[in-house]
>>> print(open('input.cif').read())   # mmCIF, C-alpha atoms
data_entry
#
loop_
_atom_site.group_PDB
_atom_site.id
_atom_site.type_symbol
_atom_site.label_atom_id
_atom_site.label_comp_id
_atom_site.auth_asym_id
_atom_site.auth_seq_id
_atom_site.Cartn_x
_atom_site.Cartn_y
_atom_site.Cartn_z
ATOM 1 C CA MET A 25 110.247 93.285 59.308
ATOM 2 C CA SER A 26 107.927 93.512 62.296
ATOM 3 C CA GLU A 27 109.337 93.087 65.782
ATOM 4 C CA GLN A 28 108.884 89.662 67.333
ATOM 5 C CA ILE A 29 106.404 89.647 70.213
ATOM 6 C CA VAL A 30 107.922 88.311 73.420
ATOM 7 C CA LEU A 31 105.259 86.569 75.470
ATOM 8 C CA GLY A 32 105.128 87.873 79.030
ATOM 9 C CA ALA A 33 107.731 90.587 78.404
ATOM 10 C CA HIS A 34 106.164 92.924 80.965
ATOM 11 C CA MET A 35 105.746 90.153 83.520
ATOM 12 C CA GLU A 36 109.397 89.209 83.180
ATOM 13 C CA GLU A 37 110.638 92.761 83.606
ATOM 14 C CA GLU A 38 108.386 93.233 86.613
ATOM 15 C CA LEU A 39 109.082 89.951 88.380
ATOM 16 C CA VAL A 40 112.865 90.286 88.147
ATOM 17 C CA SER A 41 112.678 93.784 89.629
ATOM 18 C CA GLN A 42 111.102 92.543 92.864
ATOM 19 C CA PRO A 43 114.188 92.550 95.134
ATOM 20 C CA GLU A 44 114.905 96.165 94.186
ATOM 21 C CA MET A 45 111.272 97.124 94.760
ATOM 22 C CA TRP A 46 111.274 95.482 98.194
ATOM 23 C CA ARG A 47 114.333 97.433 99.300
ATOM 24 C CA ARG A 48 112.711 100.644 98.136
ATOM 25 C CA ALA A 49 109.435 99.898 99.916
ATOM 26 C CA ILE A 50 111.196 99.024 103.161
ATOM 27 C CA ALA A 51 113.121 102.293 103.088
ATOM 28 C CA GLN A 52 109.879 104.148 102.362
ATOM 29 C CA GLN A 53 108.071 102.456 105.225
ATOM 30 C CA GLN A 54 110.817 103.352 107.663
ATOM 31 C CA GLY A 55 110.318 107.006 106.770
ATOM 32 C CA GLU A 56 106.514 107.000 107.043
ATOM 33 C CA ASP A 57 103.937 106.578 109.786
ATOM 34 C CA LEU A 58 100.764 105.862 107.829
ATOM 35 C CA LEU A 59 99.645 102.421 108.966
ATOM 36 C CA PRO A 60 97.433 101.778 112.020
ATOM 37 C CA ALA A 61 99.314 101.992 115.303
ATOM 38 C CA LYS A 62 100.326 99.003 117.368
ATOM 39 C CA GLY A 63 97.335 97.857 119.409
ATOM 40 C CA ALA A 64 94.735 99.051 116.907
ATOM 41 C CA LYS A 65 92.112 96.552 115.758
ATOM 42 C CA VAL A 66 92.479 96.395 111.979
ATOM 43 C CA ALA A 67 90.633 94.970 108.975
ATOM 44 C CA VAL A 68 92.647 94.482 105.774
ATOM 45 C CA VAL A 69 90.806 94.150 102.463
ATOM 46 C CA GLY A 70 91.579 93.486 98.834
ATOM 47 C CA CYS A 71 90.458 91.498 95.810
ATOM 48 C CA GLY A 72 92.253 88.572 94.208
ATOM 49 C CA THR A 73 95.992 88.886 94.701
ATOM 50 C CA SER A 74 95.530 91.847 97.039
ATOM 51 C CA TRP A 75 93.257 89.766 99.262
ATOM 52 C CA PHE A 76 95.963 87.133 99.615
ATOM 53 C CA MET A 77 98.504 89.807 100.562
ATOM 54 C CA ALA A 78 95.962 91.027 103.123
ATOM 55 C CA GLU A 79 95.798 87.503 104.551
ATOM 56 C CA ALA A 80 99.567 87.332 104.896
ATOM 57 C CA TYR A 81 99.803 90.753 106.557
ATOM 58 C CA ALA A 82 96.967 90.003 108.963
ATOM 59 C CA VAL A 83 98.702 86.876 110.237
ATOM 60 C CA ALA A 84 102.101 88.565 110.456
ATOM 61 C CA ARG A 85 100.717 91.613 112.280
ATOM 62 C CA GLU A 86 98.997 89.501 114.914
ATOM 63 C CA ALA A 87 102.016 87.205 115.305
ATOM 64 C CA ALA A 88 104.197 90.252 115.924
ATOM 65 C CA GLY A 89 101.895 91.382 118.753
ATOM 66 C CA TYR A 90 100.450 94.402 116.966
ATOM 67 C CA GLY A 91 96.828 93.546 117.698
ATOM 68 C CA VAL A 92 93.763 91.874 116.249
ATOM 69 C CA THR A 93 93.966 91.903 112.455
ATOM 70 C CA ASP A 94 91.428 90.324 110.103
ATOM 71 C CA ALA A 95 91.614 89.928 106.326
ATOM 72 C CA PHE A 96 88.598 90.002 104.013
ATOM 73 C CA ALA A 97 87.841 89.842 100.336
ATOM 74 C CA ALA A 98 86.469 93.346 99.839
ATOM 75 C CA SER A 99 83.147 91.995 98.570
ATOM 76 C CA GLU A 100 82.666 89.972 101.770
ATOM 77 C CA ALA A 101 84.064 92.372 104.355
ATOM 78 C CA ARG A 102 82.189 92.420 107.658
ATOM 79 C CA ILE A 103 83.435 95.624 109.178
ATOM 80 C CA VAL A 104 80.735 97.995 110.375
ATOM 81 C CA THR A 105 79.518 95.766 113.214
ATOM 82 C CA ARG A 106 82.965 94.641 114.403
ATOM 83 C CA ASP A 107 84.386 97.742 116.042
ATOM 84 C CA TYR A 108 87.569 98.084 113.986
ATOM 85 C CA ASP A 109 89.824 101.056 114.565
ATOM 86 C CA ALA A 110 91.045 101.157 110.959
ATOM 87 C CA VAL A 111 90.722 99.564 107.538
ATOM 88 C CA VAL A 112 93.691 98.970 105.246
ATOM 89 C CA ALA A 113 92.803 98.518 101.568
ATOM 90 C CA ILE A 114 95.307 97.050 99.098
ATOM 91 C CA THR A 115 94.641 97.830 95.447
ATOM 92 C CA ARG A 116 97.048 98.124 92.534
ATOM 93 C CA SER A 117 94.723 100.030 90.239
ATOM 94 C CA GLY A 118 92.608 101.917 92.738
ATOM 95 C CA THR A 119 89.601 101.317 90.499
ATOM 96 C CA THR A 120 88.389 97.943 91.786
ATOM 97 C CA SER A 121 84.624 98.214 92.233
ATOM 98 C CA GLU A 122 84.301 96.204 95.434
ATOM 99 C CA VAL A 123 86.948 98.243 97.259
ATOM 100 C CA LEU A 124 85.420 101.547 96.175
ATOM 101 C CA GLN A 125 81.959 100.368 97.213
ATOM 102 C CA LEU A 126 83.231 99.326 100.633
ATOM 103 C CA LEU A 127 84.805 102.733 101.222
ATOM 104 C CA GLU A 128 81.529 104.397 100.302
ATOM 105 C CA GLU A 129 79.687 102.195 102.783
ATOM 106 C CA LEU A 130 82.131 103.111 105.550
ATOM 107 C CA ASP A 131 81.374 106.783 104.813
ATOM 108 C CA GLY A 132 84.240 108.141 106.865
ATOM 109 C CA ASN A 133 83.221 106.366 110.072
ATOM 110 C CA ILE A 134 86.464 104.356 110.299
ATOM 111 C CA ARG A 135 89.982 105.528 109.493
ATOM 112 C CA THR A 136 91.064 104.166 106.116
ATOM 113 C CA VAL A 137 94.529 103.610 104.691
ATOM 114 C CA GLY A 138 95.163 102.584 101.096
ATOM 115 C CA ILE A 139 98.184 100.907 99.568
ATOM 116 C CA ILE A 140 98.068 101.999 95.937
ATOM 117 C CA GLY A 141 99.997 101.455 92.718
ATOM 118 C CA ASP A 142 98.203 103.970 90.495
ATOM 119 C CA VAL A 143 98.328 107.137 92.573
ATOM 120 C CA ASP A 144 96.186 109.026 90.045
ATOM 121 C CA SER A 145 93.243 106.676 90.574
ATOM 122 C CA PRO A 146 89.924 107.825 92.080
ATOM 123 C CA ILE A 147 90.403 105.915 95.319
ATOM 124 C CA VAL A 148 93.056 108.335 96.573
ATOM 125 C CA GLY A 149 90.485 110.996 97.431
ATOM 126 C CA LYS A 150 88.382 108.510 99.389
ATOM 127 C CA LEU A 151 91.112 107.546 101.882
ATOM 128 C CA ASP A 152 92.446 109.124 105.050
ATOM 129 C CA ALA A 153 96.024 108.082 104.275
ATOM 130 C CA VAL A 154 97.727 106.670 101.193
ATOM 131 C CA VAL A 155 100.829 104.504 100.931
ATOM 132 C CA GLN A 156 101.998 105.327 97.416
ATOM 133 C CA LEU A 157 103.886 102.636 95.512
ATOM 134 C CA PRO A 158 103.845 103.955 91.917
ATOM 135 C CA TYR A 159 107.305 102.559 91.233
ATOM 136 C CA ALA A 160 105.910 99.047 91.794
ATOM 137 C CA ASP A 161 102.910 99.484 89.479
ATOM 138 C CA GLU A 162 102.750 97.152 86.486
ATOM 139 C CA GLN A 163 101.723 96.827 82.864
ATOM 140 C CA SER A 164 101.161 93.071 82.949
ATOM 141 C CA VAL A 165 97.672 91.991 83.908
ATOM 142 C CA VAL A 166 99.181 89.195 86.006
ATOM 143 C CA GLN A 167 100.489 90.792 89.192
ATOM 144 C CA THR A 168 103.907 90.104 90.615
ATOM 145 C CA ARG A 169 105.901 93.029 91.977
ATOM 146 C CA PHE A 170 103.098 95.302 93.182
ATOM 147 C CA ALA A 171 101.686 92.613 95.444
ATOM 148 C CA THR A 172 105.000 91.531 96.902
ATOM 149 C CA THR A 173 106.218 95.108 97.276
ATOM 150 C CA ALA A 174 103.074 96.033 99.174
ATOM 151 C CA LEU A 175 103.630 93.012 101.403
ATOM 152 C CA ALA A 176 107.287 93.909 101.941
ATOM 153 C CA TYR A 177 106.155 97.345 103.111
ATOM 154 C CA LEU A 178 103.603 95.784 105.449
ATOM 155 C CA LEU A 179 105.906 93.102 106.840
ATOM 156 C CA SER A 180 108.601 95.684 107.484
ATOM 157 C CA SER A 181 106.094 97.739 109.476
ATOM 158 C CA VAL A 182 105.707 94.908 112.006
ATOM 159 C CA GLY A 183 109.411 94.288 112.391
ATOM 160 C CA GLU A 184 110.022 91.529 109.834
ATOM 161 C CA ASP A 185 113.642 91.565 108.621
ATOM 162 C CA LEU A 186 113.492 90.849 104.890
ATOM 163 C CA GLU A 187 117.173 91.156 104.030
ATOM 164 C CA HIS A 188 117.583 87.396 103.724
ATOM 165 C CA ALA A 189 114.487 87.185 101.519
ATOM 166 C CA ILE A 190 115.841 89.919 99.256
ATOM 167 C CA THR A 191 119.220 88.236 98.915
ATOM 168 C CA GLN A 192 117.596 84.926 98.026
ATOM 169 C CA ALA A 193 115.194 86.512 95.558
ATOM 170 C CA GLU A 194 117.984 88.299 93.698
ATOM 171 C CA THR A 195 119.131 84.874 92.516
ATOM 172 C CA LEU A 196 115.787 83.123 92.261
ATOM 173 C CA VAL A 197 114.048 85.593 89.931
ATOM 174 C CA ASN A 198 116.595 84.699 87.232
ATOM 175 C CA ALA A 199 116.890 80.991 88.032
ATOM 176 C CA ALA A 200 116.328 78.372 85.353
ATOM 177 C CA THR A 201 113.129 76.359 85.688
ATOM 178 C CA PRO A 202 113.707 72.588 85.795
ATOM 179 C CA GLN A 203 112.019 70.775 82.924
ATOM 180 C CA GLU A 204 110.017 68.606 85.318
ATOM 181 C CA LEU A 205 108.312 71.775 86.612
ATOM 182 C CA VAL A 206 107.675 73.075 83.098
ATOM 183 C CA ASP A 207 106.018 69.787 82.183
ATOM 184 C CA ALA A 208 104.170 69.067 85.449
ATOM 185 C CA GLU A 209 100.443 68.374 85.206
ATOM 186 C CA GLN A 210 99.317 69.894 88.510
ATOM 187 C CA PHE A 211 100.590 72.074 91.396
ATOM 188 C CA THR A 212 99.493 72.289 95.025
ATOM 189 C CA PHE A 213 100.983 75.088 97.159
ATOM 190 C CA LEU A 214 101.121 74.868 100.947
ATOM 191 C CA GLY A 215 101.996 77.363 103.667
ATOM 192 C CA ARG A 216 101.975 77.932 107.391
ATOM 193 C CA GLY A 217 101.440 81.195 109.244
ATOM 194 C CA PHE A 218 101.636 84.217 106.972
ATOM 195 C CA ALA A 219 102.798 81.941 104.130
ATOM 196 C CA VAL A 220 99.281 80.493 103.772
ATOM 197 C CA GLY A 221 98.325 83.707 101.977
ATOM 198 C CA LEU A 222 101.396 83.366 99.775
ATOM 199 C CA ALA A 223 100.421 79.794 98.894
ATOM 200 C CA HIS A 224 96.989 81.028 97.798
ATOM 201 C CA GLU A 225 98.682 83.709 95.710
ATOM 202 C CA ALA A 226 101.070 81.211 94.114
ATOM 203 C CA ALA A 227 98.147 79.060 93.031
ATOM 204 C CA LEU A 228 96.307 82.069 91.620
ATOM 205 C CA LYS A 229 99.348 83.056 89.539
ATOM 206 C CA MET A 230 99.510 79.601 87.982
ATOM 207 C CA ARG A 231 95.785 79.643 87.198
ATOM 208 C CA GLU A 232 95.912 83.106 85.637
ATOM 209 C CA ALA A 233 99.047 82.737 83.572
ATOM 210 C CA VAL A 234 99.017 79.040 82.671
ATOM 211 C CA GLN A 235 95.308 78.143 82.975
ATOM 212 C CA GLY A 236 96.616 75.285 85.064
ATOM 213 C CA TRP A 237 95.153 72.991 87.684
ATOM 214 C CA THR A 238 96.453 74.511 90.907
ATOM 215 C CA GLU A 239 95.309 74.355 94.510
ATOM 216 C CA ALA A 240 96.458 75.842 97.822
ATOM 217 C CA TYR A 241 95.968 74.904 101.465
ATOM 218 C CA PRO A 242 97.314 75.462 104.953
ATOM 219 C CA ALA A 243 100.032 72.826 105.205
ATOM 220 C CA MET A 244 98.511 71.027 108.180
ATOM 221 C CA ASP A 245 95.191 70.690 106.357
ATOM 222 C CA TYR A 246 96.691 69.113 103.254
ATOM 223 C CA ARG A 247 96.574 65.605 104.672
ATOM 224 C CA HIS A 248 92.877 65.979 105.480
ATOM 225 C CA GLY A 249 91.923 65.082 101.936
ATOM 226 C CA PRO A 250 93.861 67.085 99.322
ATOM 227 C CA ILE A 251 96.904 64.787 99.473
ATOM 228 C CA SER A 252 94.733 62.286 97.603
ATOM 229 C CA ILE A 253 95.601 64.037 94.327
ATOM 230 C CA ALA A 254 99.370 63.698 94.831
ATOM 231 C CA ALA A 255 100.719 61.521 92.004
ATOM 232 C CA PRO A 256 103.562 61.272 89.495
ATOM 233 C CA ASN A 257 104.041 64.407 87.364
ATOM 234 C CA ARG A 258 102.258 66.494 90.010
ATOM 235 C CA VAL A 259 103.926 68.955 92.370
ATOM 236 C CA THR A 260 103.401 69.716 96.048
ATOM 237 C CA TRP A 261 105.262 72.921 96.908
ATOM 238 C CA MET A 262 105.757 73.909 100.547
ATOM 239 C CA LEU A 263 106.430 77.557 101.414
ATOM 240 C CA GLY A 264 108.129 77.785 104.796
ATOM 241 C CA GLU A 265 108.717 75.145 107.445
ATOM 242 C CA GLN A 266 107.050 71.847 106.641
ATOM 243 C CA PRO A 267 104.981 69.697 109.003
ATOM 244 C CA GLU A 268 106.750 66.554 110.166
ATOM 245 C CA GLU A 269 106.852 63.692 107.641
ATOM 246 C CA LEU A 270 104.985 65.641 104.957
ATOM 247 C CA ASP A 271 107.807 65.189 102.462
ATOM 248 C CA THR A 272 107.877 61.428 102.986
ATOM 249 C CA GLN A 273 104.142 61.071 102.490
ATOM 250 C CA VAL A 274 104.051 63.172 99.334
ATOM 251 C CA ARG A 275 106.994 61.401 97.753
ATOM 252 C CA SER A 276 105.538 58.005 98.627
ATOM 253 C CA ALA A 277 102.570 58.980 96.449
ATOM 254 C CA GLY A 278 104.981 59.543 93.567
ATOM 255 C CA ALA A 279 104.625 63.340 93.474
ATOM 256 C CA ILE A 280 107.387 65.915 93.191
ATOM 257 C CA TYR A 281 107.927 67.603 96.560
ATOM 258 C CA ILE A 282 109.581 71.024 96.897
ATOM 259 C CA ASN A 283 110.654 72.638 100.154
ATOM 260 C CA GLU A 284 113.968 74.452 99.942
ATOM 261 C CA ASP A 285 113.870 76.167 103.344
ATOM 262 C CA ARG A 286 113.843 79.601 101.724
ATOM 263 C CA HIS A 287 112.006 82.682 102.917
ATOM 264 C CA PRO A 288 108.392 82.381 101.699
ATOM 265 C CA LEU A 289 108.481 85.790 100.024
ATOM 266 C CA ALA A 290 111.579 84.823 98.038
ATOM 267 C CA GLU A 291 109.963 81.496 97.217
ATOM 268 C CA LEU A 292 106.916 83.289 95.832
ATOM 269 C CA ALA A 293 109.174 85.346 93.574
ATOM 270 C CA TYR A 294 110.692 82.103 92.274
ATOM 271 C CA ILE A 295 107.206 80.707 91.663
ATOM 272 C CA HIS A 296 106.554 83.801 89.538
ATOM 273 C CA ARG A 297 109.563 82.824 87.404
ATOM 274 C CA VAL A 298 108.387 79.208 87.119
ATOM 275 C CA THR A 299 104.903 80.415 86.199
ATOM 276 C CA LEU A 300 106.244 82.629 83.412
ATOM 277 C CA ASP A 301 108.381 79.829 81.997
ATOM 278 C CA ARG A 302 105.440 77.418 82.061
ATOM 279 C CA ALA A 303 103.246 79.979 80.294
ATOM 280 C CA ARG A 304 105.814 80.552 77.569
ATOM 281 C CA ALA A 305 106.246 76.818 77.028
ATOM 282 C CA ARG A 306 102.503 76.681 76.300
ATOM 283 C CA ARG A 307 102.555 79.786 74.057
ATOM 284 C CA MET A 308 100.471 81.777 76.545
ATOM 285 C CA ASP A 309 100.888 85.479 77.288
ATOM 286 C CA PRO A 310 100.515 86.348 80.996
ATOM 287 C CA ASP A 311 100.574 90.034 80.120
ATOM 288 C CA HIS A 312 97.166 89.472 78.507
ATOM 289 C CA PRO A 313 95.627 86.329 80.061
ATOM 290 C CA ARG A 314 92.328 84.899 78.943
ATOM 291 C CA ASN A 315 89.188 86.511 80.422
ATOM 292 C CA LEU A 316 91.151 88.911 82.662
ATOM 293 C CA THR A 317 91.759 92.647 82.752
ATOM 294 C CA ARG A 318 94.071 94.807 84.859
ATOM 295 C CA SER A 319 91.188 95.944 87.080
ATOM 296 C CA VAL A 320 87.717 94.510 87.674
ATOM 297 C CA ILE A 321 85.216 97.323 87.257
ATOM 298 C CA LEU A 322 81.606 96.215 87.651
ATOM 299 C CA GLU A 323 78.659 97.948 86.005
ATOM 300 C CA GLY A 324 75.861 99.332 88.121
#
>>> encode(input="input.cif", output="structure tokens")
Amino acid sequence: MSEQIVLGAHMEEELVSQPEMWRRAIAQQQGEDLLPAKGAKVAVVGCGTSWFMAEAYAVAREAAGYGVTDAFAASEARIVTRDYDAVVAITRSGTTSEVLQLLEELDGNIRTVGIIGDVDSPIVGKLDAVVQLPYADEQSVVQTRFATTALAYLLSSVGEDLEHAITQAETLVNAATPQELVDAEQFTFLGRGFAVGLAHEAALKMREAVQGWTEAYPAMDYRHGPISIAAPNRVTWMLGEQPEELDTQVRSAGAIYINEDRHPLAELAYIHRVTLDRARARRMDPDHPRNLTRSVILEG
């Protein structure tokens, strides 16, 4: 008898390992000195999930007083004319075409640091310094632990204490998903500060794994139009501290409102669990989602 295929088996193994991976990355960061120094003007680049982690790090680095930090999708990076001291590239595979092309364009004129999952990838030889996270690399196409582990490393480097986030996540990654979230028609994720990037990432996960209608916004911008889609059987999910009266307005529209006052990184790990459970309920496999591959490699 053939073995039964478990949908999202890799994603599940990887998402539940996140708290352990974060502890490991924090310890690694505390023993390394690879990232740009405090005061350096930095550009952070990535594609897809890695871009959203770049957004979160850029906000956190500036908020911590470490200096001007800008995040770009690698394909749209405006670096050469902006007098950056360093570029940080986040890439799980190290084979993403847009990141490799950007490094070629920089041609050694700016210090480059890569945060890499596959340390045997070709990008390693194109960087001045490499943060190696092979233990957080993944088999699932849909990213969970590599992205959050890279962010844990980066947040730790600017003084963010993640112990509370780790403790919360240890429970959340195995938490049961309420049926109303399994059945919900639509999700909107909101964030403030560095959690805006995490909201974008949460929405991307739901699109990739569930092919669902998901959106993401800075929390204060939500009431400038997007709240119009709030309705019964739809979810508005706030990561971090909510704006005043947001909960009342969303619930008055009949929507499900979630804001549990948890650390945004732990909340993202829980959203990974909810995403997996929603995918399985729809007989979808987030390890092999439609139209996606582990790395985007462009021809020519």
>>> closest_atom_pairs(input="input.cif", of="region 107-182 of chain A", to="region 42-54 of chain A", cutoff="12 Å", atoms="only C-alpha atoms", output="tab-separated table")
residue	atom	partner	partner_atom	distance
A:Ile139	CA	A:Ala49	CA	11.3
A:Gly141	CA	A:Ala49	CA	12.0
A:Val154	CA	A:Gln53	CA	11.9
A:Val155	CA	A:Gln53	CA	8.7
A:Gln156	CA	A:Gln52	CA	9.4
A:Leu157	CA	A:Ala49	CA	7.6
A:Pro158	CA	A:Met45	CA	10.5
A:Tyr159	CA	A:Met45	CA	7.6
A:Ala160	CA	A:Met45	CA	6.4
A:Asp161	CA	A:Met45	CA	10.2
A:Glu162	CA	A:Gln42	CA	11.5
A:Gln167	CA	A:Gln42	CA	11.4
A:Thr168	CA	A:Gln42	CA	7.9
A:Arg169	CA	A:Gln42	CA	5.3
A:Phe170	CA	A:Gln42	CA	8.5
A:Ala171	CA	A:Gln42	CA	9.8
A:Thr172	CA	A:Gln42	CA	7.4
A:Thr173	CA	A:Trp46	CA	5.2
A:Ala174	CA	A:Ala49	CA	7.5
A:Leu175	CA	A:Trp46	CA	8.7
A:Ala176	CA	A:Trp46	CA	5.7
A:Tyr177	CA	A:Ala49	CA	5.2
A:Leu178	CA	A:Gln53	CA	8.0
A:Leu179	CA	A:Ile50	CA	8.8
A:Ser180	CA	A:Ile50	CA	6.0
A:Ser181	CA	A:Gln53	CA	6.7
A:Val182	CA	A:Gln53	CA	10.4
>>> resolve_selection(input="input.cif", expression="the PyMOL selection byres ((chain A and resi 91-108) around 8)", output="MDAnalysis selection string")
chainID A and resid 62:72 75 78:79 82:83 85:86 89:90 109:111 122:123 126 130 134
>>> residues_around(input="input.cif", residues="Asp311 (chain A)", least_positions_apart="4", cutoff="9 Å", atoms="all atoms listed in the file", output="MDAnalysis selection string")
chainID A and resid 31:35 163:166 233
>>> atom_distance(input="input.cif", atom1="CA of Glu209 (chain A)", atom2="CA of Met77 (chain A)")
26.4 Å
>>> resolve_selection(input="input.cif", expression="the PyMOL selection byres ((chain A and resi 199-201) around 8)", output="ChimeraX atom specification")
/A:195-198,202-203,205-206,294,297-298,301
>>> closest_residue(input="input.cif", among="A:Thr272, A:Thr238, A:Thr136, A:Ser252", to="Gly149 (chain A)", atoms="only C-alpha atoms")
A:Thr136
>>> closest_residue(input="input.cif", among="A:Val234, A:Ile140, A:Leu39, A:Val259", to="Asp271 (chain A)", atoms="only C-alpha atoms")
A:Val259
>>> closest_residue(input="input.cif", among="A:Ala243, A:Asp142, A:Ser74, A:Tyr81", to="Ile114 (chain A)", atoms="only C-alpha atoms")
A:Ser74
>>> resolve_selection(input="input.cif", expression="the PyMOL selection byres ((chain A and resi 278) around 6)", output="ChimeraX atom specification")
/A:255-256,275-277,279
>>> atom_distance(input="input.cif", atom1="CA of Gln125 (chain A)", atom2="CA of Lys150 (chain A)")
10.6 Å
>>> atom_distance(input="input.cif", atom1="CA of Val220 (chain A)", atom2="CA of Phe76 (chain A)")
8.5 Å
>>> residues_around(input="input.cif", residues="Ala189 (chain A)", least_positions_apart="5", cutoff="9 Å", atoms="all atoms listed in the file", output="list in words")
Pro43, Glu194, Arg286, His287, Pro288, Leu289, Ala290 and Glu291 of chain A
>>> closest_residue(input="input.cif", among="A:Ile251, A:Ala84, A:Ile190, A:Leu58", to="Val137 (chain A)", atoms="only C-alpha atoms")
A:Leu58
>>> closest_residue(input="input.cif", among="A:His188, A:Arg116, A:Lys229, A:His224", to="Ala303 (chain A)", atoms="only C-alpha atoms")
A:Lys229
>>> closest_residue(input="input.cif", among="A:Ile253, A:Ala293, A:Met308, A:Ala87", to="Gly183 (chain A)", atoms="all atoms listed in the file")
A:Ala87
>>> axis_aligned_box(input="input.cif", around="region 43-49 of chain A", padding_each_side="6 Å", output="AutoDock Vina command-line options")
--center_x 112.2 --center_y 96.6 --center_z 97.1 --size_x 17.5 --size_y 20.1 --size_z 17.7
>>> build_atoms(input="input.cif", residues="region 118-132 of chain A", atoms="N, CA and C atoms", output="JSON list (two decimals), keeping the file's coordinate frame")
[["chain", "number", "residue", "atom", "x", "y", "z"],
["A", 118, "GLY", "N", 93.43, 100.92, 92.08],
["A", 118, "GLY", "CA", 92.61, 101.92, 92.74],
["A", 118, "GLY", "C", 91.24, 102.09, 92.12],
["A", 119, "THR", "N", 90.89, 101.21, 91.19],
["A", 119, "THR", "CA", 89.60, 101.32, 90.50],
["A", 119, "THR", "C", 88.71, 100.10, 90.74],
["A", 120, "THR", "N", 89.15, 99.17, 91.55],
["A", 120, "THR", "CA", 88.39, 97.94, 91.79],
["A", 120, "THR", "C", 87.04, 98.26, 92.43],
["A", 121, "SER", "N", 85.97, 97.82, 91.81],
["A", 121, "SER", "CA", 84.62, 98.21, 92.23],
["A", 121, "SER", "C", 84.32, 97.86, 93.68],
["A", 122, "GLU", "N", 84.68, 96.65, 94.09],
["A", 122, "GLU", "CA", 84.30, 96.20, 95.43],
["A", 122, "GLU", "C", 84.99, 97.03, 96.52],
["A", 123, "VAL", "N", 86.23, 97.43, 96.27],
["A", 123, "VAL", "CA", 86.95, 98.24, 97.26],
["A", 123, "VAL", "C", 86.33, 99.63, 97.33],
["A", 124, "LEU", "N", 86.04, 100.22, 96.19],
["A", 124, "LEU", "CA", 85.42, 101.55, 96.18],
["A", 124, "LEU", "C", 84.05, 101.52, 96.85],
["A", 125, "GLN", "N", 83.29, 100.48, 96.60],
["A", 125, "GLN", "CA", 81.96, 100.37, 97.21],
["A", 125, "GLN", "C", 82.07, 100.25, 98.73],
["A", 126, "LEU", "N", 83.04, 99.48, 99.20],
["A", 126, "LEU", "CA", 83.23, 99.33, 100.63],
["A", 126, "LEU", "C", 83.57, 100.66, 101.28],
["A", 127, "LEU", "N", 84.44, 101.43, 100.66],
["A", 127, "LEU", "CA", 84.80, 102.73, 101.22],
["A", 127, "LEU", "C", 83.60, 103.67, 101.28],
["A", 128, "GLU", "N", 82.75, 103.58, 100.28],
["A", 128, "GLU", "CA", 81.53, 104.40, 100.30],
["A", 128, "GLU", "C", 80.62, 103.98, 101.45],
["A", 129, "GLU", "N", 80.53, 102.69, 101.69],
["A", 129, "GLU", "CA", 79.69, 102.20, 102.78],
["A", 129, "GLU", "C", 80.23, 102.63, 104.15],
["A", 130, "LEU", "N", 81.54, 102.69, 104.28],
["A", 130, "LEU", "CA", 82.13, 103.11, 105.55],
["A", 130, "LEU", "C", 81.88, 104.59, 105.82],
["A", 131, "ASP", "N", 81.81, 105.38, 104.74],
["A", 131, "ASP", "CA", 81.37, 106.78, 104.81],
["A", 131, "ASP", "C", 82.13, 107.59, 105.86],
["A", 132, "GLY", "N", 83.43, 107.34, 105.96],
["A", 132, "GLY", "CA", 84.24, 108.14, 106.86],
["A", 132, "GLY", "C", 84.12, 107.79, 108.33]]
